[in-house]
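Next comes upload_37.tsv, a file with TSV, C-alpha atoms.
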```tsv
chain	number	residue	atom	x	y	z
A	11	MET	CA	-7.20	-45.55	15.28
A	12	SER	CA	-8.27	-49.15	14.68
A	13	ALA	CA	-6.37	-51.54	12.43
A	14	HIS	CA	-9.25	-51.38	9.94
A	15	ALA	CA	-9.24	-47.59	9.87
A	16	THR	CA	-5.56	-47.55	8.87
A	17	LEU	CA	-6.49	-49.47	5.71
A	18	LEU	CA	-8.86	-46.73	4.56
A	19	PRO	CA	-8.17	-43.20	3.29
A	20	THR	CA	-8.67	-40.48	5.88
A	21	GLU	CA	-7.81	-37.29	4.01
A	22	LYS	CA	-10.88	-35.30	3.07
A	23	ILE	CA	-11.52	-34.90	-0.64
A	24	GLN	CA	-11.72	-31.40	-2.06
A	25	ALA	CA	-14.83	-31.61	-4.22
A	26	ILE	CA	-15.95	-29.57	-7.20
A	27	GLU	CA	-18.17	-26.81	-5.87
A	28	SER	CA	-21.90	-27.40	-6.26
A	29	PRO	CA	-23.98	-24.31	-7.09
A	30	PRO	CA	-26.64	-23.34	-4.53
A	31	MET	CA	-30.38	-23.75	-5.03
A	32	LEU	CA	-31.66	-20.92	-7.18
A	33	TYR	CA	-35.31	-21.89	-7.57
A	34	LYS	CA	-37.53	-23.07	-4.73
A	35	PRO	CA	-40.98	-24.69	-4.98
A	36	ALA	CA	-42.64	-21.35	-4.33
A	37	THR	CA	-40.84	-19.80	-7.30
A	38	PRO	CA	-40.20	-22.50	-9.94
A	39	LEU	CA	-38.56	-21.74	-13.28
A	40	ALA	CA	-40.64	-22.40	-16.39
A	41	CYS	CA	-38.61	-24.09	-19.14
A	42	THR	CA	-39.32	-25.62	-22.53
A	43	VAL	CA	-38.87	-29.25	-23.52
A	44	LEU	CA	-36.57	-29.71	-26.49
A	45	ARG	CA	-36.64	-33.48	-26.78
A	46	ASN	CA	-38.29	-36.55	-25.25
A	47	GLU	CA	-36.54	-39.72	-26.38
A	48	ARG	CA	-37.46	-43.23	-25.30
A	49	LEU	CA	-34.46	-45.24	-24.02
A	50	THR	CA	-36.20	-48.62	-23.97
A	51	PRO	CA	-38.00	-50.38	-26.85
A	52	GLU	CA	-41.63	-49.44	-27.49
A	53	ASP	CA	-42.80	-52.98	-26.70
A	54	TYR	CA	-40.79	-53.26	-23.48
A	55	SER	CA	-42.60	-53.25	-20.12
A	56	GLU	CA	-40.58	-50.33	-18.71
A	57	ASP	CA	-40.77	-46.89	-20.30
A	58	VAL	CA	-37.59	-44.89	-19.63
A	59	ARG	CA	-37.09	-41.44	-21.14
A	60	HIS	CA	-34.25	-39.04	-21.90
A	61	ILE	CA	-35.82	-35.60	-21.58
A	62	VAL	CA	-33.90	-32.53	-22.72
A	63	ILE	CA	-34.89	-29.16	-21.22
A	64	ASP	CA	-33.96	-25.78	-22.68
A	65	LEU	CA	-31.89	-23.51	-20.41
A	66	ARG	CA	-31.16	-20.76	-22.91
A	67	ASP	CA	-31.78	-17.33	-21.42
A	68	ARG	CA	-32.05	-18.97	-18.00
A	69	ASP	CA	-29.65	-18.54	-15.05
A	70	TYR	CA	-29.95	-22.17	-13.95
A	71	VAL	CA	-26.43	-23.44	-13.16
A	72	TYR	CA	-25.63	-26.92	-11.83
A	73	ALA	CA	-22.77	-29.36	-11.34
A	74	GLU	CA	-22.42	-33.07	-11.98
A	75	GLY	CA	-24.09	-35.11	-9.24
A	76	GLN	CA	-26.81	-32.59	-8.45
A	77	SER	CA	-30.55	-33.09	-8.88
A	78	MET	CA	-33.31	-31.03	-10.46
A	79	GLY	CA	-36.75	-30.64	-8.93
A	80	VAL	CA	-39.86	-30.96	-11.08
A	81	MET	CA	-43.36	-29.82	-10.15
A	82	ALA	CA	-46.23	-31.65	-11.81
A	83	PRO	CA	-49.24	-29.44	-12.55
A	84	GLY	CA	-52.51	-29.79	-10.71
A	85	THR	CA	-53.30	-30.39	-7.07
A	86	THR	CA	-53.75	-33.23	-4.61
A	87	PRO	CA	-57.25	-34.32	-3.50
A	88	ASP	CA	-56.99	-31.90	-0.57
A	89	GLY	CA	-56.24	-28.99	-2.89
A	90	LYS	CA	-52.51	-28.66	-2.27
A	91	ALA	CA	-49.85	-28.40	-4.98
A	92	HIS	CA	-48.04	-31.62	-5.79
A	93	ARG	CA	-44.75	-32.11	-3.98
A	94	VAL	CA	-41.52	-31.49	-5.84
A	95	ARG	CA	-39.89	-34.65	-7.16
A	96	LEU	CA	-36.11	-34.74	-7.50
A	97	TYR	CA	-34.36	-36.30	-10.49
A	98	SER	CA	-30.61	-36.76	-10.87
A	99	ILE	CA	-29.26	-34.63	-13.69
A	100	ALA	CA	-27.89	-36.75	-16.54
A	101	SER	CA	-25.90	-33.99	-18.26
A	102	PRO	CA	-22.43	-32.62	-17.51
A	103	GLY	CA	-22.25	-29.19	-15.91
A	104	ALA	CA	-21.25	-27.69	-19.25
A	105	GLY	CA	-24.65	-28.68	-20.64
A	106	GLU	CA	-26.25	-31.46	-22.66
A	107	PRO	CA	-24.03	-32.24	-25.68
A	108	GLY	CA	-25.48	-31.20	-29.02
A	109	TYR	CA	-27.46	-28.25	-27.68
A	110	GLU	CA	-26.62	-24.59	-27.22
A	111	ARG	CA	-27.57	-24.72	-23.56
A	112	ALA	CA	-29.73	-27.49	-22.14
A	113	VAL	CA	-29.97	-30.14	-19.42
A	114	ALA	CA	-31.24	-33.73	-19.55
A	115	LEU	CA	-33.12	-35.93	-17.09
A	116	CYS	CA	-33.47	-39.71	-17.15
A	117	VAL	CA	-36.99	-40.66	-16.05
A	118	LYS	CA	-38.77	-43.98	-15.67
A	119	ARG	CA	-42.55	-43.99	-15.97
A	120	VAL	CA	-43.82	-45.27	-12.62
A	121	VAL	CA	-46.88	-47.52	-12.73
A	122	TYR	CA	-48.22	-49.63	-9.87
A	123	GLU	CA	-50.60	-52.39	-10.85
A	124	THR	CA	-52.57	-54.71	-8.60
A	125	GLU	CA	-55.48	-57.02	-9.28
A	126	GLU	CA	-57.81	-54.24	-8.22
A	127	GLN	CA	-56.36	-51.04	-9.63
A	128	ARG	CA	-53.67	-49.27	-11.61
A	129	MET	CA	-51.85	-46.30	-10.07
A	130	GLU	CA	-49.50	-43.98	-11.91
A	131	GLY	CA	-46.69	-41.86	-10.47
A	132	ILE	CA	-47.89	-38.28	-10.96
A	133	CYS	CA	-44.60	-36.58	-11.74
A	134	SER	CA	-42.93	-39.38	-13.72
A	135	ASN	CA	-45.96	-39.74	-15.98
A	136	PHE	CA	-46.18	-35.98	-16.42
A	137	LEU	CA	-42.54	-35.93	-17.55
A	138	CYS	CA	-42.74	-39.00	-19.77
A	139	ASP	CA	-45.78	-37.57	-21.57
A	140	LEU	CA	-44.16	-34.20	-22.32
A	141	ARG	CA	-43.67	-33.25	-25.97
A	142	GLU	CA	-41.32	-30.88	-27.72
A	143	GLY	CA	-42.41	-27.32	-26.94
A	144	ASP	CA	-44.23	-28.18	-23.71
A	145	THR	CA	-43.45	-26.27	-20.52
A	146	VAL	CA	-42.03	-27.88	-17.40
A	147	PRO	CA	-41.63	-26.05	-14.05
A	148	ILE	CA	-38.27	-26.86	-12.43
A	149	THR	CA	-36.60	-26.10	-9.10
A	150	GLY	CA	-33.10	-26.51	-7.70
A	151	PRO	CA	-30.40	-27.42	-8.28
A	152	ASN	CA	-30.28	-29.68	-5.23
A	153	GLY	CA	-27.51	-31.56	-3.47
A	154	LYS	CA	-23.88	-31.09	-2.52
A	155	ASN	CA	-22.80	-34.57	-1.39
A	156	PHE	CA	-22.54	-36.30	-4.76
A	157	ALA	CA	-19.80	-34.10	-6.17
A	158	LEU	CA	-16.76	-35.16	-8.17
A	159	PRO	CA	-13.29	-34.68	-6.66
A	160	ALA	CA	-11.57	-31.50	-7.77
A	161	ASP	CA	-8.26	-33.32	-8.36
A	162	ASP	CA	-7.79	-36.03	-10.98
A	163	GLU	CA	-5.83	-38.54	-8.89
A	164	THR	CA	-8.76	-40.04	-6.97
A	165	ASP	CA	-9.91	-43.47	-8.19
A	166	LEU	CA	-13.67	-43.52	-8.74
A	167	LEU	CA	-15.82	-46.58	-8.00
A	168	LEU	CA	-19.32	-45.96	-9.34
A	169	PHE	CA	-22.30	-48.24	-8.69
A	170	GLY	CA	-25.65	-47.70	-10.37
A	171	THR	CA	-28.89	-49.49	-11.21
A	172	GLY	CA	-31.71	-48.45	-13.52
A	173	THR	CA	-32.19	-44.69	-13.78
A	174	GLY	CA	-29.54	-44.39	-11.06
A	175	ILE	CA	-27.15	-44.32	-13.99
A	176	ALA	CA	-28.05	-40.66	-14.66
A	177	PRO	CA	-25.39	-38.94	-12.51
A	178	PHE	CA	-22.72	-41.31	-13.81
A	179	ARG	CA	-23.49	-40.32	-17.39
A	180	SER	CA	-22.81	-36.75	-16.31
A	181	PHE	CA	-19.62	-37.84	-14.50
A	182	LEU	CA	-18.17	-39.67	-17.50
A	183	MET	CA	-19.04	-36.88	-19.91
A	184	ASN	CA	-17.32	-34.38	-17.62
A	185	LEU	CA	-14.19	-36.49	-17.22
A	186	HIS	CA	-13.85	-37.14	-20.95
A	187	SER	CA	-14.35	-33.49	-21.89
A	188	ARG	CA	-11.44	-32.24	-19.79
A	189	PRO	CA	-8.41	-30.85	-21.65
A	190	LYS	CA	-6.14	-33.02	-19.50
A	191	PRO	CA	-7.05	-36.74	-19.28
A	192	TYR	CA	-8.30	-37.87	-15.88
A	193	GLY	CA	-5.30	-39.37	-14.10
A	194	ALA	CA	-6.94	-42.09	-12.00
A	195	ASN	CA	-9.03	-45.21	-12.51
A	196	VAL	CA	-12.79	-45.06	-13.10
A	197	HIS	CA	-14.88	-48.22	-12.77
A	198	LEU	CA	-18.63	-48.16	-13.29
A	199	PHE	CA	-20.68	-51.16	-12.17
A	200	PHE	CA	-24.08	-50.88	-13.82
A	201	GLY	CA	-26.99	-53.21	-13.12
A	202	SER	CA	-30.16	-53.78	-15.10
A	203	ARG	CA	-32.34	-56.75	-15.98
A	204	LEU	CA	-31.55	-57.06	-19.68
A	205	LYS	CA	-29.35	-55.53	-22.34
A	206	ILE	CA	-32.37	-53.73	-23.79
A	207	ASP	CA	-32.92	-51.81	-20.53
A	208	HIS	CA	-29.22	-51.15	-19.99
A	209	ILE	CA	-29.85	-47.41	-20.22
A	210	TYR	CA	-27.32	-45.38	-22.25
A	211	ALA	CA	-25.48	-48.63	-23.03
A	212	ASN	CA	-27.69	-50.37	-25.59
A	213	ASP	CA	-28.64	-50.17	-29.26
A	214	LEU	CA	-31.02	-47.23	-28.71
A	215	ASN	CA	-28.44	-45.02	-26.97
A	216	ASP	CA	-24.78	-45.87	-26.40
A	217	ASP	CA	-23.58	-42.68	-24.67
A	218	LEU	CA	-21.85	-44.62	-21.88
A	219	LEU	CA	-20.08	-47.02	-24.22
A	220	LYS	CA	-18.32	-44.10	-25.89
A	221	HIS	CA	-16.45	-43.57	-22.64
A	222	SER	CA	-15.29	-47.13	-21.96
A	223	GLN	CA	-12.54	-47.55	-24.53
A	224	ASN	CA	-9.74	-47.14	-22.02
A	225	GLU	CA	-8.51	-49.72	-19.49
A	226	ARG	CA	-8.64	-47.03	-16.81
A	227	PHE	CA	-12.25	-46.20	-17.68
A	228	GLN	CA	-14.22	-49.44	-17.56
A	229	ILE	CA	-17.93	-50.28	-17.49
A	230	HIS	CA	-18.91	-53.58	-15.90
A	231	SER	CA	-22.43	-54.70	-16.82
A	232	ALA	CA	-24.49	-56.77	-14.39
A	233	LEU	CA	-27.50	-58.18	-16.26
A	234	SER	CA	-29.73	-60.07	-13.86
A	235	ARG	CA	-32.14	-61.55	-16.42
A	236	GLU	CA	-30.14	-61.78	-19.66
A	237	ASN	CA	-29.00	-65.31	-18.87
A	238	PRO	CA	-31.69	-67.26	-16.95
A	239	ALA	CA	-29.04	-69.73	-15.79
A	240	GLN	CA	-26.90	-67.04	-14.17
A	241	LYS	CA	-28.47	-64.02	-12.49
A	242	VAL	CA	-25.71	-61.46	-12.02
A	243	TYR	CA	-26.28	-58.45	-9.79
A	244	VAL	CA	-23.93	-55.53	-9.08
A	245	ALA	CA	-22.60	-57.10	-5.86
A	246	ASP	CA	-21.95	-60.40	-7.66
A	247	LEU	CA	-20.02	-58.67	-10.42
A	248	LEU	CA	-18.00	-56.71	-7.88
A	249	LYS	CA	-16.84	-59.97	-6.31
A	250	MET	CA	-15.92	-61.31	-9.76
A	251	LYS	CA	-13.74	-58.24	-10.33
A	252	GLN	CA	-12.04	-58.49	-6.92
A	253	GLU	CA	-8.51	-58.71	-8.37
A	254	LEU	CA	-9.17	-55.55	-10.37
A	255	ILE	CA	-10.73	-53.50	-7.55
A	256	GLU	CA	-8.67	-54.47	-4.50
A	257	PRO	CA	-5.48	-52.73	-5.78
A	258	ILE	CA	-7.56	-49.53	-5.92
A	259	LEU	CA	-8.58	-49.98	-2.28
A	260	ASP	CA	-4.93	-50.71	-1.42
A	261	ARG	CA	-3.92	-47.38	-2.93
A	262	LYS	CA	-6.15	-45.60	-0.40
A	263	ASN	CA	-7.21	-42.74	-2.60
A	264	PHE	CA	-10.68	-43.64	-3.80
A	265	ALA	CA	-14.26	-42.38	-3.72
A	266	ILE	CA	-17.34	-44.60	-3.85
A	267	TYR	CA	-20.62	-43.37	-5.36
A	268	ILE	CA	-23.85	-45.41	-5.21
A	269	CYS	CA	-27.09	-44.47	-6.96
A	270	GLY	CA	-30.14	-46.63	-7.59
A	271	LEU	CA	-32.42	-49.10	-5.90
A	272	LYS	CA	-32.30	-49.23	-2.12
A	273	GLY	CA	-30.53	-52.33	-0.89
A	274	MET	CA	-27.81	-52.44	-3.53
A	275	GLU	CA	-25.47	-50.67	-1.11
A	276	LYS	CA	-25.49	-53.70	1.20
A	277	GLY	CA	-23.50	-55.82	-1.24
A	278	ILE	CA	-20.95	-53.06	-1.75
A	279	GLU	CA	-20.57	-52.60	1.99
A	280	ALA	CA	-20.10	-56.37	2.40
A	281	PHE	CA	-17.33	-56.33	-0.21
A	282	VAL	CA	-15.41	-53.54	1.55
A	283	ARG	CA	-15.92	-55.15	4.97
A	284	ASP	CA	-14.62	-58.47	3.68
A	285	TYR	CA	-11.60	-56.70	2.18
A	286	LEU	CA	-10.81	-55.03	5.50
A	287	SER	CA	-11.28	-58.26	7.44
A	288	ARG	CA	-8.93	-60.22	5.20
A	289	LYS	CA	-6.29	-57.51	5.16
A	290	SER	CA	-6.28	-57.11	8.95
A	291	GLY	CA	-7.01	-60.70	9.90
A	292	LYS	CA	-9.82	-59.48	12.12
A	293	THR	CA	-13.56	-59.37	11.43
A	294	VAL	CA	-15.16	-55.94	11.05
A	295	GLU	CA	-18.06	-55.87	13.49
A	296	ASP	CA	-21.31	-54.04	12.70
A	297	GLY	CA	-20.69	-51.17	15.10
A	298	GLU	CA	-17.19	-50.50	13.82
A	299	TRP	CA	-18.32	-50.66	10.19
A	300	ALA	CA	-20.96	-48.01	10.89
A	301	GLU	CA	-18.21	-45.76	12.23
A	302	LEU	CA	-15.87	-46.48	9.32
A	303	LYS	CA	-18.57	-45.80	6.76
A	304	GLU	CA	-19.47	-42.54	8.48
A	305	SER	CA	-15.83	-41.45	8.41
A	306	LEU	CA	-15.70	-42.18	4.68
A	307	LYS	CA	-18.84	-40.09	4.18
A	308	LYS	CA	-17.38	-37.16	6.12
A	309	ALA	CA	-14.23	-37.37	4.02
A	310	GLY	CA	-16.31	-37.20	0.83
A	311	ARG	CA	-15.28	-40.74	-0.10
A	312	TRP	CA	-18.65	-42.50	0.24
A	313	ALA	CA	-21.77	-40.96	-1.28
A	314	GLN	CA	-25.04	-42.76	-1.86
A	315	GLU	CA	-28.48	-41.89	-3.12
A	316	VAL	CA	-30.78	-44.90	-2.99
A	317	TYR	CA	-34.54	-45.05	-3.22
```
Represent the structure from my file as structure tokens, please.
Amino acid sequence: MSAHATLLPTEKIQAIESPPMLYKPATPLACTVLRNERLTPEDYSEDVRHIVIDLRDRDYVYAEGQSMGVMAPGTTPDGKAHRVRLYSIASPGAGEPGYERAVALCVKRVVYETEEQRMEGICSNFLCDLREGDTVPITGPNGKNFALPADDETDLLLFGTGTGIAPFRSFLMNLHSRPKPYGANVHLFFGSRLKIDHIYANDLNDDLLKHSQNERFQIHSALSRENPAQKVYVADLLKMKQELIEPILDRKNFAIYICGLKGMEKGIEAFVRDYLSRKSGKTVEDGEWAELKESLKKAGRWAQEVY
């Protein structure tokens, strides 16, 4: 075992069990929309929605960290059904709070504009345009690698951007609903452009802020456009919080979860590599880091979903 490997946890995490897929694209489950709430201001350039789907009288069971498939109606130009699109579930496994039995998705309306044309994401626009009482065909649940630890002594380092915040909303709601308080540290680094698009942590919806009133449960906001003189991204904020995070790495019982825009994981990897290099006095080379990261993944201590 290398000197760097000895600085990282090796014991495999026992994760909360993720239910298997119940509904495949060939046999989707038809459900009713209960609510479609906009999470960004009406005059803001990005339209992000909190969509609540009714699961009463349905056998759809999921766990935090899983995704739900959605099938937009219609067909492609060659006559085939549209492909299933996966969306991280934003509700805890017990169900969306305030409803008898429901689940919520966090969806950004995708629009591509060029000088010549405007293109719209088929599934995201279908979802964002849904109204109360409309039907949505769903599949899943999908995924087993983004599961919470079964014990409550594992420190959680969560990194999200944009709608990648969805699974972390479900995580925090789960942890705060437990009869026994979660025993370890939870730090969420959340990146967006402005405070107004800081989903679930702004004036329109403050669900995340309700779970950050404890020094062991902290939310660190990286707003890249709020202050034109200082663009702060997730990786920048992580470096600023080095004295707070390094003791967690020293403890060697942590799990890292990354969800959001592709590329954000590079800054997080650089932080951990720099930590290992300083602690050992020896640089972590690219090949060794690939092996170390893979070992963390196999141990259930590094999970990422970037797009």
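Neighbouring residues of Arg59 of chain A at 7 Å or closer, counting all atoms listed in the file and skipping chain neighbours under 3 positions away, are Asn46, Glu47, Arg48, Leu49, Cys116, Val117, Lys118 and Cys138 of chain A.
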Selection from above, C-alpha atoms, as a PDB file, in the coordinates of the input, can you write it?
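Ended up saving to part_7.pdb:
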```pdb
ATOM      1  CA  ASN A  46     -38.290 -36.550 -25.250  1.00  0.00           C
ATOM      2  CA  GLU A  47     -36.540 -39.720 -26.380  1.00  0.00           C
ATOM      3  CA  ARG A  48     -37.460 -43.230 -25.300  1.00  0.00           C
ATOM      4  CA  LEU A  49     -34.460 -45.240 -24.020  1.00  0.00           C
ATOM      5  CA  CYS A 116     -33.470 -39.710 -17.150  1.00  0.00           C
ATOM      6  CA  VAL A 117     -36.990 -40.660 -16.050  1.00  0.00           C
ATOM      7  CA  LYS A 118     -38.770 -43.980 -15.670  1.00  0.00           C
ATOM      8  CA  CYS A 138     -42.740 -39.000 -19.770  1.00  0.00           C
TER       9      CYS A 138
END
```
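Minimum distance to Ser202 of chain A across A:Glu236, A:Asp217, A:Glu125, A:Glu163 (counting only C-alpha atoms) occurs at A:Glu236.
For the pair atom CA of Cys133 of chain A and atom CA of Lys34 of chain A, the separation is 16.8 Å.
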Report task. For atom CA of Ser231 of chain A and atom CA of Arg179 of chain A, quote the distance in Å rounded to one decimal. Result -> 14.4 Å
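The coordinates place atom CA of Glu256 of chain A at 20.7 Å from atom CA of Glu304 of chain A.
Nearest-residue note for Arg311 of chain A: choosing from A:Glu110, A:Asp165, A:Glu298, A:Asp144, the minimum distance belongs to A:Asp165, counting only C-alpha atoms.
Using only C-alpha atoms, the shortest contact distance between Lys249 of chain A and any of A:Cys269, A:Ala232, A:Leu18, A:Met81 is found at A:Ala232.
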Please build the interface table for segment 135-250 of chain A against segment 60-69 of chain A with a cut-off of 10 Å, listing for each qualifying residue the nearest atom pair and the distance in Å to one decimal; count all atoms listed in the file, order rows by chain and increasing number, and write it as a Markdown table.
```
| residue | atom | partner | partner_atom | distance |
| --- | --- | --- | --- | --- |
| A:Leu137 | CA | A:Ile61 | CA | 7.8 |
| A:Cys138 | CA | A:Ile61 | CA | 7.9 |
| A:Leu140 | CA | A:Ile61 | CA | 8.5 |
| A:Arg141 | CA | A:Ile61 | CA | 9.3 |
| A:Glu142 | CA | A:Val62 | CA | 9.1 |
| A:Gly143 | CA | A:Asp64 | CA | 9.6 |
| A:Asp144 | CA | A:Ile63 | CA | 9.7 |
| A:Thr145 | CA | A:Ile63 | CA | 9.1 |
| A:Val146 | CA | A:Ile63 | CA | 8.2 |
| A:Ile148 | CA | A:Ile63 | CA | 9.7 |
| A:Ala176 | CA | A:His60 | CA | 9.7 |
| A:Ile209 | CA | A:His60 | CA | 9.6 |
| A:Tyr210 | CA | A:His60 | CA | 9.4 |
| A:Asn215 | CA | A:His60 | CA | 9.8 |
```
**Report entry** Local residues around (-29.0, -44.3, -12.8), at most 9 Å away, using all atoms listed in the file, as a PyMOL selection string
**Finding:** chain A and resi 98+100+116+169-179+200+209+269-270
For His186 of chain A, list every protein, DNA or RNA residue within 12 Å, evaluated using all atoms listed in the file, and leave out those in the same chain fewer than 4 positions away; present the list as a CSV table (one decimal) with C-alpha atoms, in the frame of the given file.
```csv
chain,number,residue,atom,x,y,z
A,102,PRO,CA,-22.4,-32.6,-17.5
A,162,ASP,CA,-7.8,-36.0,-11.0
A,179,ARG,CA,-23.5,-40.3,-17.4
A,180,SER,CA,-22.8,-36.8,-16.3
A,181,PHE,CA,-19.6,-37.8,-14.5
A,182,LEU,CA,-18.2,-39.7,-17.5
A,190,LYS,CA,-6.1,-33.0,-19.5
A,191,PRO,CA,-7.0,-36.7,-19.3
A,192,TYR,CA,-8.3,-37.9,-15.9
A,193,GLY,CA,-5.3,-39.4,-14.1
A,196,VAL,CA,-12.8,-45.1,-13.1
A,217,ASP,CA,-23.6,-42.7,-24.7
A,218,LEU,CA,-21.8,-44.6,-21.9
A,220,LYS,CA,-18.3,-44.1,-25.9
A,221,HIS,CA,-16.4,-43.6,-22.6
A,222,SER,CA,-15.3,-47.1,-22.0
A,223,GLN,CA,-12.5,-47.6,-24.5
A,224,ASN,CA,-9.7,-47.1,-22.0
A,226,ARG,CA,-8.6,-47.0,-16.8
A,227,PHE,CA,-12.2,-46.2,-17.7
```
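The shortest atom-to-atom distance to Arg235 of chain A, with all atoms listed in the file taken into account, belongs to A:Asp207 out of A:Glu74, A:Asp207, A:Asp213, A:Glu56.
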Query - Who sits within 10 Å of Arg283 of chain A, only C-alpha atoms, same chain under 5 positions skipped, as a ChimeraX atom specification - result: /A:14,277-278,288-289,293-296,299,302-303
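Using only C-alpha atoms, the nearest neighbour of Lys251 of chain A within the list A:Asn263, A:Thr50, A:Gln228, A:Gln127 is A:Gln228.
Proximity to Lys205 of chain A was assessed for A:Leu248, A:Pro35, A:Gln76, A:Asn237 counting only C-alpha atoms; the smallest distance is recorded for A:Asn237.
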